[in-house]
>>> print(open('structure_5.txt').read())   # compact mmCIF, C-alpha atoms and all ligand atoms
# COMPACT_ATOMS: atom_id res chain seq x y z
CA MET A 13 0.00 0.00 0.00
CA ARG A 14 1.00 3.58 -0.56
CA ILE A 15 -0.24 5.36 2.54
CA LEU A 16 -0.61 9.09 3.10
CA VAL A 17 -0.33 9.88 6.81
CA VAL A 18 -1.83 13.29 7.40
CA GLY A 19 -0.42 14.58 10.67
CA GLY A 20 2.40 12.03 10.44
CA ALA A 21 4.94 14.22 12.26
CA GLY A 22 3.06 14.07 15.56
CA PHE A 23 3.35 11.52 18.37
CA VAL A 24 0.67 9.09 17.16
CA GLY A 25 1.28 9.71 13.45
CA SER A 26 5.07 9.32 13.52
CA THR A 27 4.94 6.01 15.39
CA SER A 28 2.30 4.74 12.96
CA VAL A 29 4.63 5.69 10.11
CA GLU A 30 7.34 3.52 11.66
CA THR A 31 4.93 0.58 11.90
CA PHE A 32 3.73 0.95 8.30
CA LEU A 33 7.27 1.06 6.94
CA GLU A 34 8.27 -1.97 9.01
CA ALA A 35 5.30 -3.81 7.49
CA GLY A 36 6.63 -3.03 4.01
CA HIS A 37 4.31 -0.20 2.97
CA ASP A 38 5.32 3.08 1.34
CA VAL A 39 4.54 6.20 3.32
CA VAL A 40 4.15 9.88 2.56
CA VAL A 41 3.69 12.24 5.49
CA TYR A 42 1.65 15.41 5.09
CA ASP A 43 1.96 17.76 8.05
CA ASP A 44 1.97 21.49 8.70
CA LEU A 45 4.49 21.00 11.54
CA SER A 46 2.39 23.25 13.78
CA SER A 47 2.75 20.76 16.62
CA GLY A 48 4.62 17.88 14.98
CA HIS A 49 8.35 17.63 14.38
CA ALA A 50 10.16 17.10 11.08
CA ALA A 51 12.73 15.07 13.03
CA ALA A 52 9.99 12.62 14.06
CA VAL A 53 9.56 11.48 10.46
CA VAL A 54 11.94 8.67 9.52
CA ARG A 55 13.93 9.24 6.37
CA LEU A 56 12.25 6.44 4.47
CA ALA A 57 9.00 8.36 4.58
CA ARG A 58 8.64 11.39 2.41
CA LEU A 59 7.68 14.55 4.29
CA VAL A 60 5.44 17.12 2.65
CA ARG A 61 4.67 20.30 4.51
CA GLY A 62 1.13 21.45 3.94
CA GLN A 63 -2.12 22.54 5.55
CA ILE A 64 -4.94 20.03 5.87
CA GLU A 65 -7.44 22.60 4.59
CA ASP A 66 -5.44 23.02 1.36
CA GLN A 67 -7.48 20.66 -0.82
CA GLY A 68 -5.59 21.46 -4.01
CA HIS A 69 -2.26 20.61 -2.43
CA LEU A 70 -3.65 17.37 -1.01
CA GLU A 71 -5.01 16.39 -4.44
CA HIS A 72 -1.63 17.12 -6.00
CA VAL A 73 0.17 14.93 -3.44
CA MET A 74 -2.36 12.10 -3.71
CA ARG A 75 -2.05 12.03 -7.49
CA GLU A 76 1.69 12.43 -7.69
CA GLU A 77 2.26 9.78 -5.02
CA ARG A 78 -0.42 7.40 -6.32
CA ILE A 79 -1.85 7.10 -2.81
CA ASP A 80 -4.00 4.05 -2.02
CA ALA A 81 -5.14 4.85 1.52
CA VAL A 82 -5.06 7.66 4.06
CA LEU A 83 -4.50 7.72 7.81
CA ASP A 84 -5.71 11.02 9.28
CA CYS A 85 -3.95 11.92 12.53
CA ALA A 86 -3.98 15.66 11.93
CA ALA A 87 -5.98 17.42 14.57
CA LYS A 88 -5.99 20.13 17.11
CA SER A 89 -6.29 18.10 20.29
CA LEU A 90 -6.13 20.22 23.44
CA VAL A 91 -9.41 20.31 25.33
CA GLY A 92 -8.59 23.55 27.16
CA GLU A 93 -7.57 25.33 23.96
CA SER A 94 -10.74 24.15 22.27
CA MET A 95 -12.84 25.80 24.99
CA ILE A 96 -11.04 29.10 24.42
CA ASP A 97 -11.01 28.98 20.61
CA PRO A 98 -13.71 26.63 19.29
CA GLY A 99 -13.47 28.20 15.83
CA LEU A 100 -9.93 26.90 15.45
CA TYR A 101 -11.13 23.37 16.24
CA TYR A 102 -13.99 23.52 13.75
CA ARG A 103 -11.75 25.06 11.07
CA LYS A 104 -9.00 22.47 11.39
CA ASN A 105 -10.76 19.32 12.56
CA VAL A 106 -13.96 19.70 10.56
CA GLY A 107 -13.17 22.14 7.73
CA GLY A 108 -9.71 20.65 7.21
CA GLY A 109 -11.09 17.14 7.46
CA VAL A 110 -13.70 17.82 4.79
CA ALA A 111 -11.00 19.25 2.49
CA LEU A 112 -9.16 15.95 2.96
CA LEU A 113 -12.31 13.95 2.14
CA GLU A 114 -12.93 16.05 -0.97
CA ALA A 115 -9.35 15.61 -2.12
CA MET A 116 -9.78 11.86 -1.70
CA ARG A 117 -13.05 11.89 -3.63
CA VAL A 118 -11.60 13.93 -6.50
CA THR A 119 -8.51 11.71 -6.81
CA GLY A 120 -10.38 8.43 -6.31
CA VAL A 121 -8.69 7.48 -3.02
CA ASN A 122 -11.45 5.85 -1.00
CA ARG A 123 -9.76 4.13 1.96
CA LEU A 124 -9.54 6.16 5.15
CA VAL A 125 -8.67 5.49 8.78
CA PHE A 126 -9.29 8.32 11.22
CA SER A 127 -7.55 8.77 14.54
CA SER A 128 -10.53 9.85 16.61
CA THR A 129 -11.06 10.21 20.33
CA ALA A 130 -13.21 8.80 23.07
CA ALA A 131 -13.92 12.45 23.95
CA VAL A 132 -16.84 12.07 21.53
CA TYR A 133 -18.70 10.27 24.33
CA GLY A 134 -18.51 13.13 26.82
CA GLU A 135 -19.41 12.11 30.38
CA PRO A 136 -20.00 8.36 30.12
CA ARG A 137 -23.13 6.89 31.67
CA ARG A 138 -21.38 3.56 32.14
CA VAL A 139 -17.89 2.13 31.84
CA PRO A 140 -16.40 0.50 29.94
CA ILE A 141 -17.83 2.61 27.13
CA ALA A 142 -19.15 0.79 24.07
CA GLU A 143 -19.34 2.22 20.56
CA SER A 144 -23.13 2.19 20.69
CA ASP A 145 -23.18 4.43 23.77
CA ARG A 146 -24.49 7.92 23.44
CA THR A 147 -22.10 10.52 22.02
CA GLU A 148 -22.49 13.80 23.87
CA PRO A 149 -19.16 15.62 23.75
CA ILE A 150 -18.64 18.20 26.46
CA ASN A 151 -16.03 20.30 24.69
CA PRO A 152 -15.39 21.64 21.15
CA TYR A 153 -12.51 19.18 20.70
CA GLY A 154 -14.76 16.12 21.10
CA ALA A 155 -17.56 17.83 19.17
CA SER A 156 -15.29 18.62 16.22
CA LYS A 157 -14.03 15.03 16.03
CA LEU A 158 -17.60 13.73 16.15
CA ALA A 159 -18.67 16.18 13.43
CA PHE A 160 -15.89 14.90 11.20
CA GLU A 161 -16.96 11.30 11.84
CA GLY A 162 -20.37 12.36 10.52
CA ALA A 163 -18.77 13.63 7.31
CA MET A 164 -16.84 10.36 6.98
CA ARG A 165 -20.04 8.38 7.36
CA TRP A 166 -21.73 10.28 4.53
CA PHE A 167 -18.74 10.16 2.22
CA ALA A 168 -18.70 6.40 2.74
CA ALA A 169 -22.38 6.21 1.84
CA SER A 170 -22.35 8.61 -1.10
CA HIS A 171 -18.89 8.06 -2.58
CA ASP A 172 -18.16 4.41 -1.79
CA PHE A 173 -15.53 5.07 0.84
CA GLN A 174 -14.27 2.38 3.16
CA ALA A 175 -13.74 4.35 6.31
CA ILE A 176 -12.86 3.43 9.89
CA SER A 177 -12.78 5.69 12.90
CA LEU A 178 -10.75 4.61 15.93
CA ARG A 179 -11.68 6.16 19.27
CA TYR A 180 -9.28 6.06 22.20
CA PHE A 181 -8.35 7.96 25.35
CA ASN A 182 -4.83 8.37 26.71
CA VAL A 183 -1.88 7.50 24.52
CA ALA A 184 1.37 6.68 26.31
CA GLY A 185 4.75 4.98 25.90
CA ALA A 186 7.20 5.58 23.07
CA THR A 187 9.15 3.69 20.46
CA GLU A 188 12.94 3.77 20.50
CA ARG A 189 12.80 6.53 17.99
CA ASN A 190 9.67 8.57 18.69
CA GLY A 191 8.05 9.85 21.83
CA GLU A 192 5.97 12.64 23.28
CA ASP A 193 7.23 16.18 22.85
CA HIS A 194 4.45 18.74 23.23
CA GLU A 195 4.68 22.40 24.06
CA PRO A 196 2.85 23.20 26.20
CA GLU A 197 2.75 19.81 27.87
CA THR A 198 -0.46 19.12 29.76
CA HIS A 199 -0.50 15.31 30.02
CA LEU A 200 0.10 13.41 33.21
CA MET A 201 2.77 10.94 32.12
CA PRO A 202 5.20 13.29 30.35
CA LEU A 203 4.76 15.85 33.14
CA MET A 204 5.68 13.17 35.71
CA LEU A 205 8.74 12.20 33.72
CA ARG A 206 9.81 15.84 33.62
CA VAL A 207 9.74 15.77 37.42
CA ALA A 208 11.68 12.49 37.43
CA ALA A 209 14.27 14.10 35.15
CA GLY A 210 14.66 17.05 37.53
CA GLU A 211 13.03 19.56 35.18
CA ALA A 212 10.20 20.34 37.61
CA THR A 213 9.88 20.08 41.36
CA HIS A 214 6.61 18.16 41.62
CA VAL A 215 3.61 16.85 39.77
CA GLN A 216 0.11 18.02 40.59
CA ILE A 217 -2.68 15.54 41.22
CA PHE A 218 -5.90 17.14 40.11
CA GLY A 219 -8.33 16.09 42.82
CA GLN A 220 -8.38 13.23 45.29
CA ASP A 221 -12.09 13.36 46.12
CA TYR A 222 -13.49 11.45 43.15
CA PRO A 223 -15.77 8.42 43.67
CA THR A 224 -12.95 5.96 42.88
CA PRO A 225 -11.06 3.55 45.18
CA ASP A 226 -8.17 5.96 45.87
CA GLY A 227 -10.08 9.17 45.13
CA THR A 228 -8.15 10.04 41.96
CA CYS A 229 -9.40 9.82 38.38
CA ILE A 230 -9.12 6.55 36.47
CA ARG A 231 -7.96 6.66 32.86
CA ASP A 232 -7.51 4.22 30.01
CA PHE A 233 -3.91 4.34 28.80
CA ILE A 234 -2.84 2.70 25.60
CA HIS A 235 0.69 2.20 24.31
CA VAL A 236 1.38 4.15 21.14
CA ARG A 237 2.78 0.92 19.62
CA ASP A 238 -0.59 -0.77 20.13
CA LEU A 239 -2.31 2.19 18.57
CA ALA A 240 -0.01 2.06 15.55
CA ALA A 241 -0.77 -1.66 15.15
CA ALA A 242 -4.50 -0.88 15.23
CA HIS A 243 -4.05 1.80 12.58
CA LEU A 244 -2.26 -0.66 10.34
CA ARG A 245 -4.85 -3.37 10.86
CA ALA A 246 -7.67 -0.91 10.16
CA LEU A 247 -6.01 0.27 6.95
CA GLU A 248 -5.67 -3.34 5.82
CA VAL A 249 -9.34 -3.98 6.55
CA THR A 250 -10.40 -1.01 4.41
CA GLY A 251 -9.13 -2.98 1.42
CA GLU A 252 -11.61 -5.78 2.08
CA GLY A 253 -15.38 -5.87 1.66
CA ASP A 254 -17.89 -3.27 0.64
CA PRO A 255 -17.87 0.48 1.22
CA SER A 256 -18.71 1.13 4.82
CA PHE A 257 -18.11 3.33 7.82
CA GLU A 258 -17.13 1.60 11.06
CA VAL A 259 -16.25 2.85 14.52
CA TYR A 260 -14.04 0.96 16.97
CA ASN A 261 -12.95 1.88 20.47
CA LEU A 262 -9.37 1.14 21.38
CA GLY A 263 -8.62 0.72 25.04
CA SER A 264 -6.73 -1.46 27.43
CA ALA A 265 -9.98 -2.33 29.25
CA ALA A 266 -8.22 -1.81 32.58
CA GLY A 267 -7.99 1.74 33.76
CA PHE A 268 -5.32 3.11 36.07
CA SER A 269 -5.81 5.80 38.66
CA VAL A 270 -3.66 8.92 38.70
CA ARG A 271 -2.16 7.74 42.01
CA GLU A 272 -1.34 4.33 40.54
CA VAL A 273 0.35 6.02 37.60
CA VAL A 274 2.47 8.20 39.91
CA GLU A 275 3.44 5.17 42.06
CA ALA A 276 4.36 3.12 39.01
CA ALA A 277 6.45 6.00 37.62
CA ARG A 278 8.38 6.19 40.90
CA LYS A 279 9.17 2.47 40.64
CA VAL A 280 10.10 2.53 36.97
CA THR A 281 12.32 5.61 37.16
CA GLY A 282 13.71 5.02 40.64
CA ARG A 283 13.12 8.74 41.29
CA ALA A 284 11.06 10.31 44.07
CA ILE A 285 8.56 12.28 41.89
CA PRO A 286 6.98 14.45 44.61
CA ALA A 287 3.23 14.89 44.09
CA ARG A 288 0.88 17.53 45.45
CA VAL A 289 -2.87 17.15 45.48
CA VAL A 290 -4.59 20.25 44.14
CA LYS A 291 -8.20 20.94 43.26
CA ARG A 292 -10.00 19.13 40.46
CA ARG A 293 -9.42 20.17 36.88
CA THR A 294 -12.61 21.34 35.19
CA GLY A 295 -14.17 18.81 32.86
CA ASP A 296 -12.42 15.67 34.17
CA PRO A 297 -14.91 12.77 34.55
CA PRO A 298 -14.00 10.35 37.38
CA VAL A 299 -13.57 7.24 35.21
CA LEU A 300 -12.90 6.91 31.48
CA VAL A 301 -12.38 3.39 30.21
CA ALA A 302 -13.29 2.10 26.75
CA SER A 303 -14.36 -1.38 25.78
CA SER A 304 -12.39 -2.55 22.76
CA ARG A 305 -14.37 -5.76 22.32
CA ARG A 306 -15.49 -4.80 18.80
CA ALA A 307 -11.94 -4.00 17.71
CA ARG A 308 -10.77 -7.33 19.08
CA LEU A 309 -13.47 -9.21 17.19
CA ALA A 310 -13.47 -7.31 13.90
CA LEU A 311 -9.83 -6.28 13.61
CA GLY A 312 -8.25 -9.13 15.57
CA TRP A 313 -6.50 -6.41 17.56
CA HIS A 314 -5.51 -6.58 21.18
CA PRO A 315 -3.13 -4.37 23.12
CA GLU A 316 0.19 -6.15 23.67
CA HIS A 317 2.30 -3.35 25.10
CA SER A 318 -0.18 -1.48 27.28
CA LYS A 319 0.98 -2.66 30.71
CA LEU A 320 1.42 0.41 32.87
CA GLU A 321 5.06 -0.35 33.72
CA GLN A 322 5.99 -0.96 30.09
CA MET A 323 4.40 2.26 28.89
CA LEU A 324 6.25 4.20 31.57
CA ALA A 325 9.53 2.37 30.98
CA ASP A 326 9.41 3.08 27.25
CA ALA A 327 8.49 6.72 27.76
CA TRP A 328 11.25 7.07 30.37
CA SER A 329 13.79 5.49 28.11
CA TRP A 330 12.85 7.93 25.32
CA LYS A 331 13.06 10.81 27.77
CA LEU A 332 16.57 9.76 28.84
CA THR A 333 17.78 9.43 25.25
CA HIS A 334 16.03 12.63 24.13
CA PRO A 335 16.42 14.99 27.10
CA ASN A 336 15.28 17.95 25.01
CA GLY A 337 12.73 16.07 22.96
CA TYR A 338 13.29 16.66 19.27
CA GLY A 339 15.10 19.91 20.01
CA ARG A 340 18.55 18.32 20.12
CA GLY A 341 20.33 15.18 19.12
CA PRO A 342 20.67 13.22 15.92
CA ARG A 343 17.70 12.46 13.73
CA THR A 344 18.79 8.86 13.52
CA ASP A 345 19.02 7.62 17.09
CA GLY A 346 18.31 3.93 17.34
CA ALA A 347 16.34 3.86 14.14
CA ALA A 348 16.87 1.02 11.69
CA LEU A 349 14.39 2.75 9.44
CA ASP A 350 16.69 5.73 9.19
CA ARG A 351 19.76 3.62 8.53
CA GLN A 352 18.36 1.78 5.54
CA PRO A 353 19.58 3.14 2.25
CA SER A 354 17.29 5.86 1.07
CA ASP A 355 16.15 6.04 -2.51
CA ALA A 356 16.59 9.78 -2.06
CA ARG A 357 12.86 10.30 -2.04
CA GLY A 358 12.97 10.91 1.68
CA ASP A 359 14.86 14.11 1.14
CA ARG A 360 12.73 15.34 -1.73
CA GLN A 361 9.86 17.56 -0.79
CA ILE A 362 6.73 18.28 -2.71
CA SER A 363 5.70 21.88 -2.78
CA ARG A 364 2.27 23.22 -3.44
CA PRO A 365 1.88 23.62 -7.22
CA GLY A 366 3.40 26.98 -8.11
CA ALA A 367 4.93 27.47 -4.68
CA PRO A 368 8.44 26.77 -3.40
CA ALA A 369 9.12 23.67 -1.30
CA SER A 370 8.64 24.76 2.24
CA VAL A 371 10.30 22.10 4.41
N1 LIG A 401 -3.69 14.89 35.67
C1 LIG A 401 -3.16 15.24 36.88
N2 LIG A 401 -2.09 16.09 36.87
C2 LIG A 401 -1.55 16.60 35.73
C3 LIG A 401 -2.12 16.22 34.49
C4 LIG A 401 -3.19 15.38 34.49
O1 LIG A 401 -3.61 14.81 37.92
O2 LIG A 401 -0.59 17.38 35.80
C5 LIG A 401 -4.83 13.96 35.64
C6 LIG A 401 -6.06 14.51 34.95
O3 LIG A 401 -6.88 15.20 35.87
C7 LIG A 401 -6.71 13.24 34.43
C8 LIG A 401 -5.53 12.32 34.16
O4 LIG A 401 -4.43 12.83 34.90
O5 LIG A 401 -7.51 12.66 35.42
C9 LIG A 401 -5.13 12.27 32.70
O6 LIG A 401 -5.00 13.59 32.23
P1 LIG A 401 -4.21 13.95 30.91
O7 LIG A 401 -4.18 15.45 30.80
O8 LIG A 401 -2.89 13.23 30.91
O9 LIG A 401 -5.06 13.31 29.76
P2 LIG A 401 -6.62 13.51 29.39
O10 LIG A 401 -7.34 12.40 30.11
O11 LIG A 401 -7.05 14.86 29.84
O12 LIG A 401 -6.64 13.35 27.91
>>> encode(input="structure_5.txt", output="structure tokens")
Amino acid sequence: MRILVVGGAGFVGSTSVETFLEAGHDVVVYDDLSSGHAAAVVRLARLVRGQIEDQGHLEHVMREERIDAVLDCAAKSLVGESMIDPGLYYRKNVGGGVALLEAMRVTGVNRLVFSSTAAVYGEPRRVPIAESDRTEPINPYGASKLAFEGAMRWFAASHDFQAISLRYFNVAGATERNGEDHEPETHLMPLMLRVAAGEATHVQIFGQDYPTPDGTCIRDFIHVRDLAAAHLRALEVTGEGDPSFEVYNLGSAAGFSVREVVEAARKVTGRAIPARVVKRRTGDPPVLVASSRRARLALGWHPEHSKLEQMLADAWSWKLTHPNGYGRGPRTDGAALDRQPSDARGDRQISRPGAPASV
């Protein structure tokens, strides 16, 4: 397959790119590098810098690269930011997503996997959450992802797309080559590892008065390697059967509390990681755990790397080898995919027609 990974320079996208290449597929990454990193893209994948809402540019890339299938990981994904600037989330996640769908329709590419979110469910009425449960997002981020799923559904129906949306909660871990490097960082695990590395004095625990066994929130963490495997499996499945739109949750089925995560991080890193309980963060439901039964049955997928200790150990190892994230250090650390002889395509960039190459 020749796969276009939109948003392939981000955490989830870049690790999926690694998995696709290892499985023998050809990959082109399309990313505006607004939050992703050029250094996260292995050399065997071609990197094209472009905006998701630029339909003409997407069409050009799809045609020139003879793309068979698309993985869409490009999204604005900060809940807090979405509350402050919902327009940005609708422009990028919905408007940009529809430009991508139109580019696919025009060029005849009809296989799509979408990296969605369990935020589409909002406050769950029961856990684990099933795909058939009510979707009532409580922030513009979740609402924009759900709106795009609606567009996918109708493109599948009207234009014979085979489309799969994968919904998940908290992504963790790292590969040897790629890990989490966000600015600003808001997520629990990388923040804890910053404390372990001596970059911050303590981690905050947002509330210890939730109706859970230890009073802290319970979350469903999934290793980014498992997520990448699910993306690959879903892309393969889009080549089989009739046009359709399917939704699958991806989760580890066992949630971990914030306290458990902090304790496990202390063990894995051997560092103290001081924690201070502060007041609840607005919008945090007590328990978020997804049932991935459907994904197991239909995709034959099950999480193999999502043990809490392994996710933390892999993330810690990446942190130690990349103390400044992608800001410093060689582009090639530990990466067989980077060492393989390049056919020189990896260094060639496609520019927008009539515009200079921009990466
Ligand atoms: N959390 C916390 N301290 C932090 C960051 C997060 O206690 O510094 C908690 C947060 O309240 C939630 C869980 O950790 O219950 C996971 O939050 P995160 O921001 O990592 O991911 P989210 O679930 O919001 O996508």
>>> residues_around(input="structure_5.txt", residues="Val183 (chain A)", least_positions_apart="3", cutoff="10 Å", atoms="only C-alpha atoms", output="mmCIF file with C-alpha atoms, in the coordinates of the input")
data_model
loop_
_atom_site.group_PDB
_atom_site.id
_atom_site.type_symbol
_atom_site.label_atom_id
_atom_site.label_comp_id
_atom_site.auth_asym_id
_atom_site.auth_seq_id
_atom_site.Cartn_x
_atom_site.Cartn_y
_atom_site.Cartn_z
ATOM 1 C CA PHE A 23 3.350 11.520 18.370
ATOM 2 C CA VAL A 24 0.670 9.090 17.160
ATOM 3 C CA TYR A 180 -9.280 6.060 22.200
ATOM 4 C CA ALA A 186 7.200 5.580 23.070
ATOM 5 C CA GLU A 192 5.970 12.640 23.280
ATOM 6 C CA HIS A 199 -0.500 15.310 30.020
ATOM 7 C CA MET A 201 2.770 10.940 32.120
ATOM 8 C CA ASP A 232 -7.510 4.220 30.010
ATOM 9 C CA PHE A 233 -3.910 4.340 28.800
ATOM 10 C CA ILE A 234 -2.840 2.700 25.600
ATOM 11 C CA HIS A 235 0.690 2.200 24.310
ATOM 12 C CA VAL A 236 1.380 4.150 21.140
ATOM 13 C CA ARG A 237 2.780 0.920 19.620
ATOM 14 C CA ASP A 238 -0.590 -0.770 20.130
ATOM 15 C CA LEU A 239 -2.310 2.190 18.570
ATOM 16 C CA GLY A 263 -8.620 0.720 25.040
ATOM 17 C CA SER A 318 -0.180 -1.480 27.280
ATOM 18 C CA MET A 323 4.400 2.260 28.890
#
>>> closest_residue(input="structure_5.txt", among="A:Ala52, A:Leu324, A:Val259, A:Val273", to="ligand LIG 401 (chain A)", atoms="only C-alpha atoms and all ligand atoms")
A:Val273
>>> residues_near_ligand(input="structure_5.txt", ligand="ligand LIG 401 (chain A)", cutoff="10 Å", atoms="only C-alpha atoms and all ligand atoms", output="ChimeraX atom specification")
/A:89-92,129-131,180-184,197-204,214-220,222,228-233,268-271,273-274,287-300
>>> axis_aligned_box(input="structure_5.txt", around="region 232-243 of chain A", padding_each_side="5 Å", output="AutoDock Vina command-line options")
--center_x -2.4 --center_y 1.3 --center_z 21.3 --size_x 20.3 --size_y 16.0 --size_z 27.4
>>> residues_near_point(input="structure_5.txt", point="(-19.9, 10.2, 9.4)", cutoff="10 Å", atoms="all atoms listed in the file", output="PyMOL selection string")
chain A and resi 158-169+175-177+257-259
